[in-house]
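For reference, the structure discussed in these notes is given below.
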Amino acid sequence: MTEKAVCPVCFHHCALAEGQTGRCRARMNQNGRVVSLSYGRVTSVALDPVEKKPFARWQSGKFILSVGTFGCNLSCAFCQNASISQVGAETETETLPPERLAGLAEELTPRGNVGAAFTYNEPLVGWEYVYEAAKLLREKGLLVALVTNGTAEPEILETLLPYVDAMNIDLKTWSAEGYRKLGGDLETVKHTITRAAEACHVEVTTLAAPGFGDDAGAMDEEAAWLASVSADIPLHISRYFPRWKMAEPPTPLAAMRKLCETAEKHLKYVYAGNC
């Protein structure tokens, strides 16, 4: 029996036979090595306001070139971008190598662009593309942002951090069991937040999804922990709307107010999103 190759990128450590793709759908065992299938293959490109990522206290009023590929190592039933995060190499893409991405970002600086954000799907399942593009962006004096679920292994994070200026990290639930239901790991995300906050600007987003981010008691604990890292970390509490496999009604506005008021007991900057 041919020995399987183990993917080192996230805590799932998928053991893949030749030609098999991992849980994220974006990595495959090719000739005994686990390689990225999404390198330079983009599904979405847009010049967005920085606030849309969301960043509330970084480069306000500026724009950033947002780029997404495909794949994700989590399976959130409330995913807002399932059409690209929950698909693999069969999805329609355009080729945008790192050199062209950096060049495009530079061309857009007269329109207020400050750099590039890797977003829409989970960028770290294809971290090699982020890494090569980030180095080129930095050489041009441009900024690099990540919008991520924060579940890459520490070695991947350490490789990228020298080239990252800002991160918005999803903290999907304060429950370890809740994270397991999503295919994630709470402790990994907490480590990512802690380490990233030492190296770059960090903001955190929690979606108030039913049964995951909508409990005020859990929010109190979450905000207190974030404050122990830094009370200056901005927290975005986003209102849930039905998406993908979750059909429950939107988060009530009264519940959103309570969540924000709870978080404000601990953190200086709390923002309600999608309201």
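By order in the structure tokens, chains are A, B, ...; within a chain, residues start at 1; ligands start at 1, following the order shown.
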
Residues of stretch 33-273 of chain A in strand (DSSP E or B), written as a count of residues only: 55

Given only C-alpha atoms, how would the per-residue table for stretch 70-186 of chain A near stretch 198-219 of chain A read, listing every residue at most 12 Å away with its closest atom pair and distance in Å to one decimal, sorted by chain and number, as JSON lines?
```
{"residue": "A:Cys76", "atom": "CA", "partner": "A:Ala209", "partner_atom": "CA", "distance": 10.2}
{"residue": "A:Ala77", "atom": "CA", "partner": "A:Ala209", "partner_atom": "CA", "distance": 9.6}
{"residue": "A:Phe78", "atom": "CA", "partner": "A:Ala209", "partner_atom": "CA", "distance": 7.3}
{"residue": "A:Cys79", "atom": "CA", "partner": "A:Leu207", "partner_atom": "CA", "distance": 10.1}
{"residue": "A:Gln80", "atom": "CA", "partner": "A:Leu207", "partner_atom": "CA", "distance": 10.6}
{"residue": "A:Leu143", "atom": "CA", "partner": "A:Cys200", "partner_atom": "CA", "distance": 11.3}
{"residue": "A:Val144", "atom": "CA", "partner": "A:Cys200", "partner_atom": "CA", "distance": 10.3}
{"residue": "A:Ala145", "atom": "CA", "partner": "A:His201", "partner_atom": "CA", "distance": 9.2}
{"residue": "A:Leu146", "atom": "CA", "partner": "A:Val202", "partner_atom": "CA", "distance": 9.7}
{"residue": "A:Val147", "atom": "CA", "partner": "A:Val204", "partner_atom": "CA", "distance": 9.5}
{"residue": "A:Thr148", "atom": "CA", "partner": "A:Val204", "partner_atom": "CA", "distance": 9.8}
{"residue": "A:Asn149", "atom": "CA", "partner": "A:Thr205", "partner_atom": "CA", "distance": 9.5}
{"residue": "A:Gly150", "atom": "CA", "partner": "A:Val204", "partner_atom": "CA", "distance": 10.2}
{"residue": "A:Leu157", "atom": "CA", "partner": "A:Ala199", "partner_atom": "CA", "distance": 10.6}
{"residue": "A:Glu158", "atom": "CA", "partner": "A:Ala199", "partner_atom": "CA", "distance": 9.7}
{"residue": "A:Thr159", "atom": "CA", "partner": "A:Ala199", "partner_atom": "CA", "distance": 12.0}
{"residue": "A:Leu160", "atom": "CA", "partner": "A:Ala199", "partner_atom": "CA", "distance": 10.5}
{"residue": "A:Leu161", "atom": "CA", "partner": "A:Ala199", "partner_atom": "CA", "distance": 6.7}
{"residue": "A:Pro162", "atom": "CA", "partner": "A:Ala199", "partner_atom": "CA", "distance": 7.7}
{"residue": "A:Tyr163", "atom": "CA", "partner": "A:Cys200", "partner_atom": "CA", "distance": 9.4}
{"residue": "A:Val164", "atom": "CA", "partner": "A:Cys200", "partner_atom": "CA", "distance": 6.8}
{"residue": "A:Asp165", "atom": "CA", "partner": "A:Cys200", "partner_atom": "CA", "distance": 5.3}
{"residue": "A:Ala166", "atom": "CA", "partner": "A:His201", "partner_atom": "CA", "distance": 4.5}
{"residue": "A:Met167", "atom": "CA", "partner": "A:Val202", "partner_atom": "CA", "distance": 4.9}
{"residue": "A:Asn168", "atom": "CA", "partner": "A:Glu203", "partner_atom": "CA", "distance": 4.7}
{"residue": "A:Ile169", "atom": "CA", "partner": "A:Val204", "partner_atom": "CA", "distance": 4.9}
{"residue": "A:Asp170", "atom": "CA", "partner": "A:Thr205", "partner_atom": "CA", "distance": 4.8}
{"residue": "A:Leu171", "atom": "CA", "partner": "A:Thr206", "partner_atom": "CA", "distance": 5.2}
{"residue": "A:Lys172", "atom": "CA", "partner": "A:Thr206", "partner_atom": "CA", "distance": 5.3}
{"residue": "A:Thr173", "atom": "CA", "partner": "A:Phe212", "partner_atom": "CA", "distance": 5.0}
{"residue": "A:Trp174", "atom": "CA", "partner": "A:Ala218", "partner_atom": "CA", "distance": 6.0}
{"residue": "A:Ser175", "atom": "CA", "partner": "A:Phe212", "partner_atom": "CA", "distance": 7.6}
{"residue": "A:Ala176", "atom": "CA", "partner": "A:Phe212", "partner_atom": "CA", "distance": 10.4}
{"residue": "A:Glu177", "atom": "CA", "partner": "A:Phe212", "partner_atom": "CA", "distance": 9.9}
{"residue": "A:Gly178", "atom": "CA", "partner": "A:Phe212", "partner_atom": "CA", "distance": 6.4}
{"residue": "A:Tyr179", "atom": "CA", "partner": "A:Phe212", "partner_atom": "CA", "distance": 8.4}
{"residue": "A:Arg180", "atom": "CA", "partner": "A:Phe212", "partner_atom": "CA", "distance": 11.2}
{"residue": "A:Lys181", "atom": "CA", "partner": "A:Phe212", "partner_atom": "CA", "distance": 9.8}
{"residue": "A:Leu182", "atom": "CA", "partner": "A:Phe212", "partner_atom": "CA", "distance": 9.7}
```

May I have the residues within 9 Å of A:Gly126 as a list in words, using only C-alpha atoms and disregarding those fewer than 6 positions away in the same chain? Val9, Ala26, Arg27, Val35, Ser36, Leu37, Ser38, Tyr39, Thr69, Phe70 and Gly71 of chain A

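Between A:Thr95 and the residues A:Glu51, A:Pro110, A:Leu124, A:Ser44, the shortest atom-to-atom distance, using only C-alpha atoms, involves A:Ser44.
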
Return as an NGL selection string the full set of residues in stretch 41-252 of chain A whose backbone-based DSSP assignment is alpha helix (DSSP H). :A and (82-85 or 98-107 or 127-139 or 154-160 or 176-182 or 186-199 or 216-229)

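Picture a line from atom CA of A:Glu187 to atom CA of A:Phe11; it runs 10.6 Å.
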
Can you list, as a PDB file with N, CA, C and O atoms, in the first residue's frame, every protein, DNA or RNA residue that comes within 10 Å of A:Asn113 when you count only C-alpha atoms, leaving out same-chain residues fewer than 2 positions away?
```
ATOM      1  N   LEU A  47     -12.220  45.884  -5.751  1.00  0.00           N
ATOM      2  CA  LEU A  47     -11.665  46.986  -4.981  1.00  0.00           C
ATOM      3  C   LEU A  47     -12.720  47.398  -3.959  1.00  0.00           C
ATOM      4  O   LEU A  47     -13.751  47.962  -4.311  1.00  0.00           O
ATOM      5  N   ASP A  48     -12.462  47.084  -2.698  1.00  0.00           N
ATOM      6  CA  ASP A  48     -13.449  47.281  -1.635  1.00  0.00           C
ATOM      7  C   ASP A  48     -13.015  48.383  -0.669  1.00  0.00           C
ATOM      8  O   ASP A  48     -11.814  48.574  -0.442  1.00  0.00           O
ATOM      9  N   PRO A  49     -13.976  49.056  -0.043  1.00  0.00           N
ATOM     10  CA  PRO A  49     -13.623  49.895   1.103  1.00  0.00           C
ATOM     11  C   PRO A  49     -13.009  49.022   2.193  1.00  0.00           C
ATOM     12  O   PRO A  49     -13.459  47.897   2.430  1.00  0.00           O
ATOM     13  N   VAL A  50     -11.981  49.526   2.848  1.00  0.00           N
ATOM     14  CA  VAL A  50     -11.343  48.771   3.920  1.00  0.00           C
ATOM     15  C   VAL A  50     -12.362  48.375   4.994  1.00  0.00           C
ATOM     16  O   VAL A  50     -12.298  47.276   5.565  1.00  0.00           O
ATOM     17  N   LYS A  62      -9.910  54.298   3.205  1.00  0.00           N
ATOM     18  CA  LYS A  62      -9.131  53.835   2.056  1.00  0.00           C
ATOM     19  C   LYS A  62      -9.815  52.626   1.405  1.00  0.00           C
ATOM     20  O   LYS A  62     -10.829  52.119   1.883  1.00  0.00           O
ATOM     21  N   PHE A  63      -9.216  52.163   0.316  1.00  0.00           N
ATOM     22  CA  PHE A  63      -9.702  50.985  -0.395  1.00  0.00           C
ATOM     23  C   PHE A  63      -8.612  49.918  -0.395  1.00  0.00           C
ATOM     24  O   PHE A  63      -7.434  50.216  -0.208  1.00  0.00           O
ATOM     25  N   ILE A  64      -9.046  48.683  -0.617  1.00  0.00           N
ATOM     26  CA  ILE A  64      -8.091  47.585  -0.692  1.00  0.00           C
ATOM     27  C   ILE A  64      -8.555  46.583  -1.733  1.00  0.00           C
ATOM     28  O   ILE A  64      -9.759  46.322  -1.877  1.00  0.00           O
ATOM     29  N   LEU A  65      -7.610  46.062  -2.499  1.00  0.00           N
ATOM     30  CA  LEU A  65      -7.926  45.071  -3.529  1.00  0.00           C
ATOM     31  C   LEU A  65      -8.166  43.731  -2.865  1.00  0.00           C
ATOM     32  O   LEU A  65      -7.253  43.144  -2.273  1.00  0.00           O
ATOM     33  N   ALA A 105      -2.587  45.766  -7.903  1.00  0.00           N
ATOM     34  CA  ALA A 105      -2.756  46.556  -6.685  1.00  0.00           C
ATOM     35  C   ALA A 105      -2.043  47.898  -6.811  1.00  0.00           C
ATOM     36  O   ALA A 105      -2.566  48.939  -6.395  1.00  0.00           O
ATOM     37  N   GLU A 106      -0.860  47.884  -7.405  1.00  0.00           N
ATOM     38  CA  GLU A 106      -0.110  49.130  -7.591  1.00  0.00           C
ATOM     39  C   GLU A 106      -0.819  50.064  -8.577  1.00  0.00           C
ATOM     40  O   GLU A 106      -0.878  51.279  -8.360  1.00  0.00           O
ATOM     41  N   GLU A 107      -1.376  49.497  -9.636  1.00  0.00           N
ATOM     42  CA  GLU A 107      -2.094  50.306 -10.624  1.00  0.00           C
ATOM     43  C   GLU A 107      -3.295  51.020 -10.013  1.00  0.00           C
ATOM     44  O   GLU A 107      -3.712  52.081 -10.497  1.00  0.00           O
ATOM     45  N   LEU A 108      -3.858  50.438  -8.955  1.00  0.00           N
ATOM     46  CA  LEU A 108      -5.066  50.986  -8.347  1.00  0.00           C
ATOM     47  C   LEU A 108      -4.785  52.002  -7.244  1.00  0.00           C
ATOM     48  O   LEU A 108      -5.723  52.543  -6.643  1.00  0.00           O
ATOM     49  N   THR A 109      -3.521  52.277  -6.959  1.00  0.00           N
ATOM     50  CA  THR A 109      -3.224  53.240  -5.888  1.00  0.00           C
ATOM     51  C   THR A 109      -3.793  54.628  -6.158  1.00  0.00           C
ATOM     52  O   THR A 109      -4.201  55.300  -5.195  1.00  0.00           O
ATOM     53  N   PRO A 110      -3.872  55.107  -7.420  1.00  0.00           N
ATOM     54  CA  PRO A 110      -4.501  56.420  -7.620  1.00  0.00           C
ATOM     55  C   PRO A 110      -5.973  56.463  -7.206  1.00  0.00           C
ATOM     56  O   PRO A 110      -6.528  57.545  -6.990  1.00  0.00           O
ATOM     57  N   ARG A 111      -6.608  55.311  -7.092  1.00  0.00           N
ATOM     58  CA  ARG A 111      -8.011  55.239  -6.668  1.00  0.00           C
ATOM     59  C   ARG A 111      -8.144  55.029  -5.163  1.00  0.00           C
ATOM     60  O   ARG A 111      -9.221  54.717  -4.662  1.00  0.00           O
ATOM     61  N   GLY A 115      -3.361  48.347  -0.852  1.00  0.00           N
ATOM     62  CA  GLY A 115      -2.706  47.045  -0.926  1.00  0.00           C
ATOM     63  C   GLY A 115      -3.665  45.957  -1.347  1.00  0.00           C
ATOM     64  O   GLY A 115      -4.538  46.173  -2.182  1.00  0.00           O
ATOM     65  N   ALA A 116      -3.512  44.785  -0.750  1.00  0.00           N
ATOM     66  CA  ALA A 116      -4.369  43.645  -1.093  1.00  0.00           C
ATOM     67  C   ALA A 116      -4.821  42.926   0.166  1.00  0.00           C
ATOM     68  O   ALA A 116      -4.060  42.790   1.128  1.00  0.00           O
ATOM     69  N   LEU A 142       3.195  48.407  -0.567  1.00  0.00           N
ATOM     70  CA  LEU A 142       1.767  48.214  -0.361  1.00  0.00           C
ATOM     71  C   LEU A 142       1.514  47.363   0.878  1.00  0.00           C
ATOM     72  O   LEU A 142       2.391  46.635   1.346  1.00  0.00           O
ATOM     73  N   LEU A 143       0.290  47.436   1.381  1.00  0.00           N
ATOM     74  CA  LEU A 143      -0.082  46.742   2.608  1.00  0.00           C
ATOM     75  C   LEU A 143      -0.757  45.406   2.304  1.00  0.00           C
ATOM     76  O   LEU A 143      -1.336  45.216   1.237  1.00  0.00           O
TER      77      LEU A 143
END
```

Go through A:Leu259, A:Ala247, A:Cys7, A:Cys275 and flag the residue nearest A:Met28, using only C-alpha atoms for the distances. A:Cys7

Which residues come within 10 Å of A:Val270, counting only C-alpha atoms, excluding same-chain residues fewer than 4 positions away, as a PyMOL selection string? chain A and resi 56+204-205+223+232-237+259-266

Could you name the residues that touch A:Pro249 at 9 Å or less, counting only C-alpha atoms, but leaving out those on the same chain fewer than 6 positions away, as a PDB file with N, CA, C and O atoms, in the first residue's frame?
```pdb
ATOM      1  N   PRO A 210     -27.359  31.659  15.286  1.00  0.00           N
ATOM      2  CA  PRO A 210     -28.100  30.918  16.312  1.00  0.00           C
ATOM      3  C   PRO A 210     -27.332  29.693  16.801  1.00  0.00           C
ATOM      4  O   PRO A 210     -26.902  28.856  16.009  1.00  0.00           O
ATOM      5  N   TYR A 240     -26.542  37.889  12.019  1.00  0.00           N
ATOM      6  CA  TYR A 240     -26.737  36.713  11.159  1.00  0.00           C
ATOM      7  C   TYR A 240     -27.982  36.884  10.288  1.00  0.00           C
ATOM      8  O   TYR A 240     -29.012  37.406  10.722  1.00  0.00           O
ATOM      9  N   PHE A 241     -27.851  36.435   9.042  1.00  0.00           N
ATOM     10  CA  PHE A 241     -28.984  36.270   8.137  1.00  0.00           C
ATOM     11  C   PHE A 241     -28.924  34.857   7.564  1.00  0.00           C
ATOM     12  O   PHE A 241     -27.844  34.275   7.464  1.00  0.00           O
ATOM     13  N   PRO A 242     -30.059  34.271   7.190  1.00  0.00           N
ATOM     14  CA  PRO A 242     -30.045  32.901   6.653  1.00  0.00           C
ATOM     15  C   PRO A 242     -29.099  32.764   5.464  1.00  0.00           C
ATOM     16  O   PRO A 242     -29.135  33.577   4.534  1.00  0.00           O
TER      17      PRO A 242
END
```

Interatomic distance, atom CA of A:Ile156 to atom CA of A:Lys52 (Å, one decimal): 25.6 Å

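In this comparison, which uses only C-alpha atoms, the residue of A:Leu137, A:Arg25, A:Glu128, A:Val67 approaching A:Gly88 most closely is A:Arg25.
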
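Atom CA of A:Val6 is positioned 7.2 Å from atom CA of A:Val34.
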
For A:Ser230: contacts at 9 Å, only C-alpha atoms, fewer than 4 positions along chain excluded, given as a PyMOL selection string: chain A and resi 194+197+225-226+267

Rank nothing, just name the residue among A:Val125, A:Ala152, A:Ala82, A:Ala117 nearest to A:Arg243, using only C-alpha atoms.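 Nearest candidate to A:Arg243 out of A:Val125, A:Ala152, A:Ala82, A:Ala117: A:Ala82.
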
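Nearest residue to A:Lys245, choosing from A:Ser66, A:Gln30, A:Ser75, A:Thr2 and counting only C-alpha atoms: A:Ser75.
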